[in-house]
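**Student:** Structure: protein_29.csv, CSV, C-alpha atoms and all ligand atoms.
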```
chain,number,residue,atom,x,y,z
O,270,MET,CA,60.6,7.7,-30.9
O,271,LYS,CA,57.5,9.8,-30.9
O,272,LEU,CA,55.4,6.7,-31.7
O,273,MET,CA,56.9,4.9,-28.8
O,274,ASN,CA,56.0,7.7,-26.4
O,275,ILE,CA,52.5,7.7,-27.6
O,276,SER,CA,52.1,4.0,-27.1
O,277,LEU,CA,53.8,4.2,-23.7
O,278,PHE,CA,51.4,7.0,-22.8
O,279,SER,CA,48.3,5.1,-23.9
O,280,GLY,CA,49.6,2.0,-22.2
O,281,VAL,CA,49.9,3.9,-18.9
O,282,ILE,CA,46.4,5.3,-19.3
O,283,PHE,CA,45.0,1.9,-20.1
O,284,ALA,CA,46.7,0.4,-17.0
O,285,PHE,CA,45.2,3.2,-14.8
O,286,LEU,CA,41.8,2.6,-16.4
O,287,ILE,CA,42.0,-1.1,-15.5
O,288,ILE,CA,43.0,-0.4,-11.9
O,289,TYR,CA,40.2,2.2,-11.6
O,290,LEU,CA,37.5,-0.1,-13.0
O,291,GLY,CA,38.9,-2.9,-10.9
O,292,SER,CA,38.6,-0.9,-7.8
O,293,LYS,CA,35.0,0.1,-8.8
O,294,GLU,CA,34.2,-3.5,-9.3
O,295,ASN,CA,35.7,-4.3,-5.9
O,296,THR,CA,33.5,-1.6,-4.3
O,297,VAL,CA,30.4,-3.1,-5.8
O,298,ASN,CA,31.4,-6.5,-4.7
O,299,TYR,CA,32.1,-5.3,-1.2
O,300,LYS,CA,28.7,-3.6,-1.2
O,301,VAL,CA,26.7,-6.7,-2.0
O,302,GLN,CA,28.5,-8.5,0.8
O,303,ASN,CA,27.6,-6.0,3.4
O,304,GLU,CA,23.9,-5.7,4.2
O,305,LYS,CA,24.2,-2.1,5.3
O,306,SER,CA,25.9,-0.8,2.2
O,307,VAL,CA,23.3,-2.3,-0.2
O,308,MET,CA,20.5,-0.4,1.5
O,309,GLY,CA,19.8,3.2,1.3
O,310,ILE,CA,17.3,6.0,1.0
O,311,GLU,CA,17.4,8.9,-1.5
O,312,ARG,CA,15.3,12.0,-1.5
O,313,SER,CA,14.5,14.2,-4.5
O,314,SER,CA,11.9,16.7,-5.6
O,315,TYR,CA,8.7,15.4,-7.1
O,316,GLY,CA,7.2,18.8,-8.0
O,317,VAL,CA,4.8,21.3,-6.6
O,318,THR,CA,1.1,20.9,-5.9
O,319,GLU,CA,-1.7,23.1,-7.3
O,320,ASN,CA,-1.5,24.8,-3.8
O,321,ASP,CA,2.2,25.5,-4.2
O,322,GLU,CA,3.3,22.8,-1.7
O,323,LYS,CA,6.6,21.1,-2.4
O,324,ILE,CA,6.4,17.4,-2.8
O,325,ASP,CA,9.4,15.0,-2.4
O,326,VAL,CA,9.9,11.5,-3.5
O,327,PHE,CA,11.9,9.0,-1.5
O,328,LYS,CA,13.5,5.9,-2.9
O,329,LEU,CA,14.1,3.2,-0.3
O,330,TYR,CA,16.3,0.6,-1.9
O,331,ASN,CA,17.9,-2.7,-1.3
O,332,LEU,CA,20.4,-3.3,-4.1
O,333,LYS,CA,20.0,-7.1,-3.5
O,334,GLY,CA,16.2,-6.9,-3.8
O,335,ILE,CA,13.4,-4.4,-4.1
O,336,GLN,CA,13.1,-0.6,-4.4
O,337,VAL,CA,10.1,1.3,-3.0
O,338,SER,CA,9.2,4.9,-4.1
O,339,ILE,CA,7.1,7.0,-1.8
O,340,ILE,CA,5.9,10.6,-2.3
O,341,THR,CA,4.8,13.0,0.5
O,342,TYR,CA,1.5,13.7,-1.3
O,343,GLY,CA,-0.9,11.3,0.3
O,344,GLY,CA,2.1,9.3,1.6
O,345,ARG,CA,1.6,7.3,-1.6
O,346,ILE,CA,3.7,4.4,-2.8
O,347,THR,CA,4.3,5.2,-6.4
O,348,ALA,CA,6.4,2.1,-7.3
O,349,VAL,CA,7.7,-1.1,-5.9
O,350,GLU,CA,10.3,-2.6,-8.2
O,351,THR,CA,10.8,-6.3,-7.5
O,352,PRO,CA,12.8,-9.0,-9.4
O,353,ASP,CA,11.0,-11.9,-11.1
O,354,LYS,CA,12.3,-15.5,-11.1
O,355,ASN,CA,14.9,-14.5,-13.8
O,356,GLY,CA,16.1,-11.5,-11.8
O,357,ASN,CA,14.3,-8.9,-14.1
O,358,LYS,CA,13.1,-6.0,-12.0
O,359,GLU,CA,9.7,-4.5,-12.7
O,360,ASN,CA,7.3,-2.2,-10.9
O,361,VAL,CA,4.4,-4.2,-9.4
O,362,VAL,CA,2.2,-1.4,-8.1
O,363,LEU,CA,-0.2,0.7,-10.1
O,364,GLY,CA,1.0,4.3,-10.2
O,365,PHE,CA,1.2,7.4,-12.4
O,366,LYS,CA,4.0,9.3,-14.2
O,367,ASN,CA,3.8,12.5,-12.3
O,368,LEU,CA,2.3,14.6,-9.4
O,369,GLU,CA,-0.3,16.2,-11.7
O,370,GLN,CA,-1.9,12.8,-12.3
O,371,TYR,CA,-1.9,12.0,-8.6
O,372,GLU,CA,-3.8,15.2,-7.9
O,373,LYS,CA,-6.5,14.4,-10.4
O,374,PRO,CA,-9.4,12.2,-9.2
O,375,ASN,CA,-8.2,8.6,-9.0
O,376,PRO,CA,-9.1,5.6,-6.9
O,377,TYR,CA,-6.5,6.0,-4.1
O,378,PHE,CA,-3.5,4.6,-6.1
O,379,GLY,CA,-0.8,3.8,-3.5
O,380,ALA,CA,-2.3,6.1,-0.9
O,381,LEU,CA,-2.5,6.2,2.8
O,382,VAL,CA,-6.2,6.2,3.6
O,383,GLY,CA,-7.8,7.9,6.6
O,384,ARG,CA,-9.3,8.9,8.9
O,385,TYR,CA,-11.7,6.0,8.1
O,386,GLY,CA,-10.7,3.5,5.5
O,387,ASN,CA,-13.7,2.0,3.8
O,388,ARG,CA,-17.4,3.0,4.1
O,389,ILE,CA,-19.5,4.6,6.8
O,390,ALA,CA,-23.2,4.3,6.2
O,391,LYS,CA,-24.8,7.6,5.2
O,392,GLY,CA,-21.6,9.3,6.5
O,393,LYS,CA,-23.1,9.3,10.0
O,394,PHE,CA,-22.0,8.1,13.4
O,395,THR,CA,-22.6,8.8,17.0
O,396,LEU,CA,-20.0,9.1,19.8
O,397,ASN,CA,-20.8,10.0,23.4
O,398,ASN,CA,-24.3,11.0,22.3
O,399,ILE,CA,-23.1,13.4,19.7
O,400,GLU,CA,-24.0,12.7,16.1
O,401,TYR,CA,-21.3,13.5,13.4
O,402,GLN,CA,-22.0,13.9,9.7
O,403,LEU,CA,-19.3,13.3,7.2
O,404,ALA,CA,-19.4,14.1,3.5
O,405,LYS,CA,-21.3,11.5,1.4
O,406,ASN,CA,-18.6,11.0,-1.2
O,407,ASN,CA,-19.7,7.5,-2.3
O,408,GLY,CA,-23.3,7.5,-3.2
O,409,GLU,CA,-25.1,7.9,0.1
O,410,ASN,CA,-22.1,6.8,2.1
O,411,SER,CA,-18.8,8.2,3.1
O,412,LEU,CA,-15.7,6.4,1.7
O,413,HIS,CA,-12.0,6.6,2.7
O,414,GLY,CA,-12.0,9.7,4.9
O,415,GLY,CA,-14.2,12.0,2.8
O,416,LEU,CA,-13.5,14.6,0.3
O,417,VAL,CA,-9.9,15.5,1.3
O,418,GLY,CA,-8.8,12.4,3.1
O,419,PHE,CA,-5.2,11.4,4.1
O,420,ASP,CA,-4.6,10.4,0.5
O,421,LYS,CA,-4.8,14.0,-0.7
O,422,VAL,CA,-2.9,15.8,2.0
O,423,VAL,CA,0.8,16.6,2.2
O,424,TRP,CA,2.7,14.6,4.8
O,425,LYS,CA,5.6,16.0,6.7
O,426,VAL,CA,8.9,14.2,6.9
O,427,GLU,CA,9.6,13.3,10.5
O,428,LYS,CA,12.6,11.0,10.1
O,429,ILE,CA,14.8,9.4,7.6
O,430,GLU,CA,17.1,6.7,8.8
O,431,GLU,CA,19.6,4.2,7.4
O,432,ASN,CA,20.2,1.3,9.7
O,433,GLU,CA,22.2,-2.0,9.5
O,434,THR,CA,19.4,-3.9,7.9
O,435,SER,CA,16.7,-1.4,7.1
O,436,VAL,CA,15.9,2.0,5.8
O,437,VAL,CA,13.1,4.1,7.4
O,438,LEU,CA,10.9,6.9,6.3
O,439,LYS,CA,8.6,8.4,9.0
O,440,LEU,CA,5.8,10.7,7.8
O,441,SER,CA,3.4,12.7,9.9
O,442,TYR,CA,0.1,14.6,9.5
O,443,LEU,CA,-1.9,16.6,12.0
O,444,SER,CA,-5.6,16.4,11.2
O,445,LYS,CA,-7.4,19.2,12.9
O,446,ASP,CA,-10.5,18.9,15.1
O,447,MET,CA,-13.5,18.4,12.8
O,448,GLU,CA,-11.4,18.1,9.7
O,449,GLU,CA,-13.7,16.3,7.2
O,450,GLY,CA,-16.2,16.1,10.1
O,451,PHE,CA,-14.2,13.9,12.4
O,452,PRO,CA,-13.8,15.1,16.1
O,453,GLY,CA,-10.4,15.6,17.8
O,454,ASN,CA,-7.0,16.9,16.8
O,455,LEU,CA,-5.5,13.7,15.5
O,456,LYS,CA,-1.7,13.4,15.3
O,457,THR,CA,-0.8,10.6,12.9
O,458,THR,CA,2.5,9.1,11.9
O,459,VAL,CA,3.1,6.5,9.4
O,460,THR,CA,6.5,4.8,9.3
O,461,TYR,CA,7.6,2.9,6.2
O,462,THR,CA,10.5,0.6,6.8
O,463,LEU,CA,12.2,-1.4,4.0
O,464,ASN,CA,14.0,-4.4,5.5
O,465,TYR,CA,16.9,-6.4,4.1
O,466,ASP,CA,14.6,-9.4,3.6
O,467,ASN,CA,12.5,-7.4,1.1
O,468,SER,CA,9.6,-6.7,3.4
O,469,LEU,CA,8.0,-3.3,3.7
O,470,ASP,CA,6.6,-2.5,7.1
O,471,VAL,CA,3.9,0.1,7.5
O,472,LEU,CA,3.5,1.2,11.1
O,473,TYR,CA,0.6,3.5,11.9
O,474,GLU,CA,0.5,5.5,15.1
O,475,ALA,CA,-1.9,8.2,16.3
O,476,THR,CA,-3.2,10.0,19.3
O,477,THR,CA,-6.3,12.3,19.7
O,478,ASP,CA,-7.4,15.0,22.1
O,479,LYS,CA,-11.1,14.1,21.8
O,480,THR,CA,-12.8,10.7,21.5
O,481,THR,CA,-12.9,9.9,17.8
O,482,ILE,CA,-12.9,7.0,15.3
O,483,LEU,CA,-10.0,5.8,13.3
O,484,ASN,CA,-9.3,3.1,10.6
O,485,LEU,CA,-6.1,3.7,8.7
O,486,THR,CA,-5.0,1.6,5.8
O,487,GLN,CA,-2.7,1.5,2.7
O,488,HIS,CA,-4.4,1.4,-0.7
O,489,SER,CA,-1.7,0.1,-3.1
O,490,TYR,CA,-2.9,-1.8,-6.1
O,491,PHE,CA,-0.6,-4.7,-7.0
O,492,ASN,CA,-0.1,-6.5,-10.2
O,493,LEU,CA,2.8,-9.0,-9.6
O,494,SER,CA,3.2,-9.6,-13.4
O,495,GLY,CA,4.7,-6.1,-13.7
O,496,ASP,CA,2.6,-5.8,-16.9
O,497,PHE,CA,-0.4,-3.5,-16.4
O,498,SER,CA,-2.0,-4.5,-19.6
O,499,HIS,CA,-2.5,-7.9,-18.0
O,500,THR,CA,-5.3,-8.5,-15.5
O,501,ILE,CA,-4.7,-10.0,-12.1
O,502,LEU,CA,-7.1,-12.9,-12.7
O,503,ASP,CA,-4.1,-15.3,-13.1
O,504,HIS,CA,-2.7,-14.5,-9.7
O,505,VAL,CA,-3.1,-17.2,-7.0
O,506,VAL,CA,-4.4,-15.8,-3.7
O,507,GLU,CA,-4.6,-17.3,-0.2
O,508,ILE,CA,-6.5,-15.5,2.6
O,509,ASN,CA,-6.5,-17.0,6.1
O,510,ALA,CA,-10.1,-16.3,6.9
O,511,ASP,CA,-13.0,-18.6,7.7
O,512,LYS,CA,-15.5,-15.7,7.4
O,513,PHE,CA,-16.1,-12.5,5.4
O,514,VAL,CA,-18.3,-9.4,5.8
O,515,PRO,CA,-21.4,-9.6,3.5
O,516,VAL,CA,-22.6,-6.3,2.2
O,517,ASP,CA,-25.8,-4.7,0.8
O,518,ASN,CA,-26.1,-3.0,-2.6
O,519,THR,CA,-24.2,0.1,-1.4
O,520,LEU,CA,-21.4,-2.1,-0.1
O,521,ILE,CA,-22.3,-1.4,3.5
O,522,PRO,CA,-22.1,-4.5,5.8
O,523,THR,CA,-25.4,-6.2,6.5
O,524,GLY,CA,-24.2,-6.8,10.1
O,525,ASN,CA,-23.6,-10.5,9.9
O,526,LEU,CA,-20.4,-12.4,9.4
O,527,ALA,CA,-20.8,-15.2,6.8
O,528,SER,CA,-18.8,-18.4,6.5
O,529,VAL,CA,-16.7,-18.7,3.4
O,530,ASP,CA,-17.5,-22.5,3.2
O,531,ASP,CA,-18.6,-23.5,-0.3
O,532,THR,CA,-18.6,-19.9,-1.5
O,533,PRO,CA,-16.3,-18.0,-4.0
O,534,PHE,CA,-14.9,-16.3,-0.8
O,535,ASP,CA,-13.0,-19.4,0.3
O,536,PHE,CA,-9.4,-18.6,-0.3
O,537,ARG,CA,-8.1,-20.7,2.6
O,538,ALA,CA,-6.2,-22.8,0.1
O,539,PRO,CA,-4.3,-21.1,-2.8
O,540,THR,CA,-7.0,-20.2,-5.4
O,541,LEU,CA,-6.9,-18.5,-8.8
O,542,VAL,CA,-8.4,-15.0,-8.5
O,543,GLY,CA,-10.3,-15.6,-11.8
O,544,LYS,CA,-11.8,-18.9,-10.7
O,545,HIS,CA,-15.1,-17.6,-9.3
O,546,ILE,CA,-14.9,-13.9,-9.9
O,547,ASN,CA,-17.7,-14.0,-12.5
O,548,SER,CA,-19.9,-16.4,-10.4
O,549,LYS,CA,-23.6,-15.6,-10.0
O,550,ASN,CA,-23.1,-15.6,-6.2
O,551,GLU,CA,-25.1,-12.7,-4.9
O,552,GLN,CA,-22.2,-11.2,-2.9
O,553,VAL,CA,-19.7,-11.4,-5.8
O,554,THR,CA,-22.3,-9.8,-8.0
O,555,LEU,CA,-22.9,-6.9,-5.6
O,556,GLY,CA,-19.2,-6.2,-5.5
O,557,GLY,CA,-18.8,-6.5,-9.3
O,558,GLY,CA,-16.1,-9.0,-8.3
O,559,TYR,CA,-14.3,-9.0,-5.0
O,560,ASP,CA,-14.7,-5.8,-3.0
O,561,HIS,CA,-15.2,-7.3,0.5
O,562,CYS,CA,-13.6,-7.4,3.9
O,563,TRP,CA,-12.4,-10.8,5.0
O,564,VAL,CA,-12.6,-11.6,8.8
O,565,LEU,CA,-9.0,-12.7,9.4
O,566,ASN,CA,-8.4,-15.7,11.5
O,567,ASN,CA,-6.3,-15.8,14.7
O,568,GLN,CA,-7.3,-12.3,15.8
O,569,GLY,CA,-6.2,-13.0,19.3
O,570,LYS,CA,-2.6,-13.6,18.1
O,571,GLY,CA,-2.1,-10.0,17.0
O,572,TYR,CA,0.5,-9.6,14.2
O,573,ARG,CA,0.5,-12.7,12.0
O,574,SER,CA,0.6,-13.8,8.5
O,575,VAL,CA,-2.8,-13.4,6.9
O,576,ALA,CA,-2.6,-13.5,3.1
O,577,LYS,CA,-0.4,-14.3,0.1
O,578,ALA,CA,-0.6,-13.5,-3.6
O,579,TYR,CA,1.5,-15.4,-6.1
O,580,HIS,CA,2.0,-14.8,-9.8
O,581,PRO,CA,3.0,-18.2,-11.3
O,582,ASP,CA,4.5,-16.9,-14.6
O,583,SER,CA,6.9,-14.4,-13.0
O,584,GLY,CA,7.3,-16.3,-9.7
O,585,ARG,CA,6.7,-13.1,-7.8
O,586,THR,CA,5.0,-13.6,-4.4
O,587,MET,CA,3.8,-11.2,-1.8
O,588,GLU,CA,2.9,-12.1,1.8
O,589,VAL,CA,0.8,-9.9,4.1
O,590,LEU,CA,1.2,-9.8,7.8
O,591,THR,CA,-0.9,-7.6,10.1
O,592,ASP,CA,-2.4,-7.2,13.6
O,593,GLN,CA,-5.7,-6.0,12.1
O,594,PRO,CA,-8.9,-8.0,12.3
O,595,GLY,CA,-9.9,-7.5,8.6
O,596,MET,CA,-8.6,-7.2,5.1
O,597,GLN,CA,-10.5,-5.7,2.1
O,598,PHE,CA,-9.6,-7.7,-1.0
O,599,TYR,CA,-10.5,-5.5,-3.9
O,600,THR,CA,-10.0,-6.7,-7.5
O,601,GLY,CA,-9.9,-3.3,-9.2
O,602,ASN,CA,-13.5,-3.8,-10.5
O,603,PHE,CA,-14.0,0.0,-11.0
O,604,LEU,CA,-10.8,0.5,-13.1
O,605,ASP,CA,-12.2,1.2,-16.5
O,606,GLY,CA,-9.4,2.1,-18.9
O,607,THR,CA,-9.6,5.8,-18.4
O,608,LEU,CA,-6.4,6.3,-16.2
O,609,PRO,CA,-3.0,6.3,-17.9
O,610,THR,CA,-0.2,4.0,-17.0
O,611,PRO,CA,3.3,5.5,-16.8
O,612,ASN,CA,4.3,3.9,-20.1
O,613,GLY,CA,1.6,5.0,-22.4
O,614,GLY,CA,-1.2,2.4,-21.7
O,615,VAL,CA,-4.3,2.5,-19.6
O,616,PHE,CA,-5.3,0.8,-16.4
O,617,GLY,CA,-8.1,-1.6,-17.4
O,618,LYS,CA,-10.7,-3.4,-15.3
O,619,ARG,CA,-9.0,-5.8,-12.8
O,620,SER,CA,-5.4,-4.7,-13.7
O,621,GLY,CA,-4.6,-4.5,-10.0
O,622,PHE,CA,-5.8,-5.8,-6.6
O,623,CYS,CA,-5.6,-4.3,-3.1
O,624,PHE,CA,-5.0,-6.0,0.2
O,625,GLU,CA,-6.2,-3.3,2.5
O,626,THR,CA,-5.7,-4.4,6.1
O,627,GLN,CA,-8.2,-2.7,8.4
O,628,HIS,CA,-11.2,-2.9,10.7
O,629,TYR,CA,-14.5,-3.9,9.2
O,630,PRO,CA,-16.4,-1.3,7.2
O,631,ASP,CA,-19.0,0.8,9.0
O,632,SER,CA,-17.8,-0.4,12.4
O,633,PRO,CA,-18.9,2.9,14.1
O,634,ASN,CA,-22.5,1.9,13.4
O,635,GLN,CA,-22.1,-1.8,14.0
O,636,PRO,CA,-21.6,-2.3,17.8
O,637,GLN,CA,-21.0,-6.1,17.3
O,638,PHE,CA,-17.9,-5.4,15.2
O,639,PRO,CA,-14.5,-4.7,16.9
O,640,SER,CA,-14.3,-1.1,18.0
O,641,THR,CA,-12.6,1.7,16.0
O,642,VAL,CA,-13.0,4.2,18.8
O,643,LEU,CA,-9.8,6.1,19.9
O,644,ASP,CA,-9.9,8.0,23.2
O,645,PRO,CA,-7.6,10.7,24.5
O,646,GLY,CA,-4.7,9.2,26.3
O,647,GLU,CA,-4.8,6.0,24.2
O,648,LYS,CA,-2.3,5.2,21.5
O,649,TYR,CA,-3.4,3.8,18.1
O,650,GLU,CA,-0.7,1.6,16.9
O,651,THR,CA,-1.0,-1.0,14.2
O,652,LYS,CA,1.5,-2.6,11.8
O,653,THR,CA,1.1,-4.3,8.4
O,654,THR,CA,3.9,-5.8,6.3
O,655,PHE,CA,4.1,-6.6,2.6
O,656,LYS,CA,6.9,-9.1,2.1
O,657,PHE,CA,8.1,-9.8,-1.5
O,658,SER,CA,9.9,-12.9,-2.7
O,659,VAL,CA,10.3,-15.1,-5.7
O,660,ASN,CA,9.1,-18.7,-6.0
O,701,LIG,C1,-12.0,0.4,-1.9
O,701,LIG,C2,-13.5,0.2,-2.0
O,701,LIG,C3,-13.8,0.0,-3.4
O,701,LIG,C4,-13.3,1.2,-4.2
O,701,LIG,C5,-11.9,1.3,-4.0
O,701,LIG,C6,-11.4,2.6,-4.8
O,701,LIG,O1,-11.4,-0.8,-2.1
O,701,LIG,O2,-14.0,-0.8,-1.2
O,701,LIG,O3,-15.1,-0.1,-3.5
O,701,LIG,O4,-13.9,2.3,-3.7
O,701,LIG,O5,-11.5,1.4,-2.7
O,701,LIG,O6,-12.1,2.7,-5.9
```
For this file, write the structure as structure tokens.
Ligand code: GLA
**Tutor:**
Amino acid sequence: MKLMNISLFSGVIFAFLIIYLGSKENTVNYKVQNEKSVMGIERSSYGVTENDEKIDVFKLYNLKGIQVSIITYGGRITAVETPDKNGNKENVVLGFKNLEQYEKPNPYFGALVGRYGNRIAKGKFTLNNIEYQLAKNNGENSLHGGLVGFDKVVWKVEKIEENETSVVLKLSYLSKDMEEGFPGNLKTTVTYTLNYDNSLDVLYEATTDKTTILNLTQHSYFNLSGDFSHTILDHVVEINADKFVPVDNTLIPTGNLASVDDTPFDFRAPTLVGKHINSKNEQVTLGGGYDHCWVLNNQGKGYRSVAKAYHPDSGRTMEVLTDQPGMQFYTGNFLDGTLPTPNGGVFGKRSGFCFETQHYPDSPNQPQFPSTVLDPGEKYETKTTFKFSVN
């Protein structure tokens, strides 16, 4: 009798368990059928900076696709997990394990770059007859906004939103008049939007109260293999550009725009990154590989598809869309095996590449280049999209 009671009891428990698991299963099934319920954004603490500022990490996810992690320190993308052709998810952007590593000197991993992405010759420029001097933090030039650029400041969270087919994280930063030597109080917002189609939009907006210069970009390094011990030389890249910006030996533009015809800079058809990267071509040699701005085609058309990268083994593909005139394609030539990966390895030379959509380097000193001047009353607004898929 006792025995029967026990088996009856365990039978009932078992039945409840089945019903419970079944309902859980149903919830999951329901979720993947509904676009809204597969997308979300989660906030958690990422630690405290050396200056005692609290940093958060946001996970923007699409359960049917990719997950993007962003921290408020430098507005940095710390990870983008994307599936390969077999559905295995791996992180495809170079990043560190913790905040402490991000605060140490590093080459702008995942960072928002400003006020001026890329180089300004001798850190000098003139606006309305006033000469401004920036820090020379890259040899004799200024690079990526100076000593404490937008990559090293703490961004404020303006808005978190979950919509039908997207999740949104809007960050803001007020750069004070003459901060890092740039004129004007500059109010900047950067809105990251992860869409249901696995695209990540980066919308930059800014206004100033004095005439200034501005060239914002995103400095993520990608390795679509998901294996950081692997170089990116086997990636296939396509850049829709008939010209590029040749540079001198300090990587400052010579002032001319050169045709990519019959050069290692011709990526108009899909081309292996490693194909000409060790060529004796003078420009490739100066960059130690690719570290140049491509003059994107169809500038009059505004926001358009400009580039693609494809990793044949994993099938992972990334497309870039932007309204910007240029894109710096940098092949991680300065990575030298000294920075740690999150899983115990090191980032070796060419273990990642950047597609930094932007204006041409040194535009403030090159009047023939599209202008990077922002006046009071004007609104700076530009959008770039990184769209992930599998082929
Ligand atoms: C940009 C520059 C490179 C390098 C990296 C960061 O891409 O053009 O020369 O400075 O940033 O190291």
**Student:** Nearest to Thr607 of chain O among O:His488, O:Ser313, O:Asn397, O:Pro374, with distances taken over all atoms listed in the file: which residue is it?
**Tutor:**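 Closest residue, counting all atoms listed in the file: O:Pro374.
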**Student:** Kindly assemble as JSON lines a list of the chain O residues that lie within 8 Å of ligand LIG 701 (chain O), each paired with its nearest atom pair and their distance in Å to one decimal, using all atoms listed in the file, sorted first by chain and then by ascending residue number.
**Tutor:**
```
{"residue": "O:Asn375", "atom": "CA", "partner": "O:LIG701", "partner_atom": "O6", "distance": 7.7}
{"residue": "O:Pro376", "atom": "CA", "partner": "O:LIG701", "partner_atom": "O6", "distance": 4.3}
{"residue": "O:Tyr377", "atom": "CA", "partner": "O:LIG701", "partner_atom": "C6", "distance": 6.0}
{"residue": "O:Asn387", "atom": "CA", "partner": "O:LIG701", "partner_atom": "O2", "distance": 5.7}
{"residue": "O:Arg388", "atom": "CA", "partner": "O:LIG701", "partner_atom": "O2", "distance": 7.4}
{"residue": "O:Asn407", "atom": "CA", "partner": "O:LIG701", "partner_atom": "O4", "distance": 7.9}
{"residue": "O:Leu412", "atom": "CA", "partner": "O:LIG701", "partner_atom": "O4", "distance": 7.0}
{"residue": "O:His413", "atom": "CA", "partner": "O:LIG701", "partner_atom": "O5", "distance": 7.5}
{"residue": "O:His488", "atom": "CA", "partner": "O:LIG701", "partner_atom": "O5", "distance": 7.4}
{"residue": "O:Leu520", "atom": "CA", "partner": "O:LIG701", "partner_atom": "O3", "distance": 7.4}
{"residue": "O:Gly556", "atom": "CA", "partner": "O:LIG701", "partner_atom": "O3", "distance": 7.6}
{"residue": "O:Asp560", "atom": "CA", "partner": "O:LIG701", "partner_atom": "O2", "distance": 5.4}
{"residue": "O:His561", "atom": "CA", "partner": "O:LIG701", "partner_atom": "O2", "distance": 6.8}
{"residue": "O:Gln597", "atom": "CA", "partner": "O:LIG701", "partner_atom": "O1", "distance": 6.5}
{"residue": "O:Phe598", "atom": "CA", "partner": "O:LIG701", "partner_atom": "O1", "distance": 7.2}
{"residue": "O:Tyr599", "atom": "CA", "partner": "O:LIG701", "partner_atom": "O1", "distance": 5.1}
{"residue": "O:Gly601", "atom": "CA", "partner": "O:LIG701", "partner_atom": "O6", "distance": 7.2}
{"residue": "O:Phe603", "atom": "CA", "partner": "O:LIG701", "partner_atom": "O6", "distance": 6.1}
{"residue": "O:Leu604", "atom": "CA", "partner": "O:LIG701", "partner_atom": "O6", "distance": 7.6}
{"residue": "O:Cys623", "atom": "CA", "partner": "O:LIG701", "partner_atom": "O1", "distance": 6.8}
{"residue": "O:Glu625", "atom": "CA", "partner": "O:LIG701", "partner_atom": "O1", "distance": 7.4}
```
**Student:** Expressed in Å to a single decimal, how great is the separation between atom CA of Gly453 of chain O and atom CA of Ile389 of chain O?
**Tutor:** 18.0 Å
**Student:** Rank nothing, just name the residue among O:Val642, O:Asp631, O:Glu647, O:Phe451 nearest to Lys391 of chain O, using only C-alpha atoms.
**Tutor:**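 Of O:Val642, O:Asp631, O:Glu647, O:Phe451, the one nearest Lys391 of chain O, counting only C-alpha atoms, is O:Asp631.
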**Student:** Using all atoms listed in the file, which of O:Glu319, O:Glu350, O:Asp470, O:Glu551 sits nearest Thr532 of chain O?
**Tutor:**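 That would be O:Glu551, the residue with the smallest distance to Thr532 of chain O.
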**Student:** Rank O:Asp446, O:Lys618, O:Leu502, O:Phe513 by their smallest atom-to-atom distance to Gly557 of chain O, using only C-alpha atoms, and report the top residue only.
**Tutor:** O:Lys618
**Student:** Quick one: residues within 7 Å of segment 418-432 of chain O, only C-alpha atoms counted, chain neighbours fewer than 2 positions away excluded, as a list in words?
**Tutor:**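 Close residues of segment 418-432 of chain O: Lys305, Gly309, Thr341, Tyr342, Gly343, Gly344, Tyr377, Ala380, Leu381, Val382, Gly383, Arg384, His413, Gly414, Gly415, Leu416, Thr434, Ser435, Val436, Val437, Leu438, Lys439, Leu440, Ser441 and Tyr442 of chain O.
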**Student:** Report as an MDAnalysis selection string all protein, DNA and RNA residues lying within 12 Å of Ser528 of chain O, evaluated on only C-alpha atoms, omitting residues in the same chain fewer than 4 positions from it.
**Tutor:** chainID O and resid 510:515 532:537 563:566
**Student:** Return as a Markdown table the residues of segment 488-557 of chain O lying at most 9 Å from segment 574-589 of chain O, together with the closest atom-to-atom pair for each and the distance in Å to one decimal, counting all atoms listed in the file, with rows in chain order and ascending residue number.
**Tutor:**
```
| residue | atom | partner | partner_atom | distance |
| --- | --- | --- | --- | --- |
| O:Asn492 | CA | O:His580 | CA | 8.6 |
| O:Leu493 | CA | O:His580 | CA | 5.9 |
| O:Ser494 | CA | O:Ser583 | CA | 6.1 |
| O:Gly495 | CA | O:Ser583 | CA | 8.6 |
| O:Ile501 | CA | O:His580 | CA | 8.6 |
| O:Asp503 | CA | O:His580 | CA | 7.0 |
| O:His504 | CA | O:His580 | CA | 4.7 |
| O:Val505 | CA | O:Tyr579 | CA | 5.0 |
| O:Val506 | CA | O:Ala578 | CA | 4.4 |
| O:Glu507 | CA | O:Lys577 | CA | 5.2 |
| O:Ile508 | CA | O:Ala576 | CA | 4.4 |
| O:Asn509 | CA | O:Val575 | CA | 5.2 |
| O:Ala510 | CA | O:Val575 | CA | 7.9 |
| O:Pro539 | CA | O:Lys577 | CA | 8.4 |
```
**Student:** From the list O:Gln635, O:Asp466, O:Asn360, O:Leu329, which residue is nearest Thr395 of chain O when using all atoms listed in the file?
**Tutor:**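 Smallest separation from Thr395 of chain O among the options: O:Gln635.
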**Student:** Calculate how many Å separate atom CA of Asp478 of chain O from atom CA of Leu643 of chain O, rounding to one decimal.
**Tutor:**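 These atoms are spaced 9.5 Å apart.
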**Student:** Pick out the closest residue to Asp592 of chain O from this set: O:Asn567, O:Thr523, O:Ser548, O:Thr480. Count all atoms listed in the file.
**Tutor:** O:Asn567
**Student:** Calculate how many Å separate atom CA of Ser640 of chain O from atom CA of His628 of chain O, rounding to one decimal.
**Tutor:** 8.1 Å
**Student:** Using all atoms listed in the file, find each residue of segment 536-617 of chain O with at least one atom at most 9 Å away from an atom of segment 363-373 of chain O; report its shortest atom-to-atom pair and that distance in Å (one decimal), sort the rows by chain and rising residue number, and return the result as JSON lines.
**Tutor:**
```
{"residue": "O:Leu608", "atom": "CA", "partner": "O:Phe365", "partner_atom": "CA", "distance": 8.6}
{"residue": "O:Pro609", "atom": "CA", "partner": "O:Phe365", "partner_atom": "CA", "distance": 7.0}
{"residue": "O:Thr610", "atom": "CA", "partner": "O:Phe365", "partner_atom": "CA", "distance": 5.9}
{"residue": "O:Pro611", "atom": "CA", "partner": "O:Lys366", "partner_atom": "CA", "distance": 4.7}
{"residue": "O:Asn612", "atom": "CA", "partner": "O:Lys366", "partner_atom": "CA", "distance": 8.0}
{"residue": "O:Phe616", "atom": "CA", "partner": "O:Leu363", "partner_atom": "CA", "distance": 8.1}
```
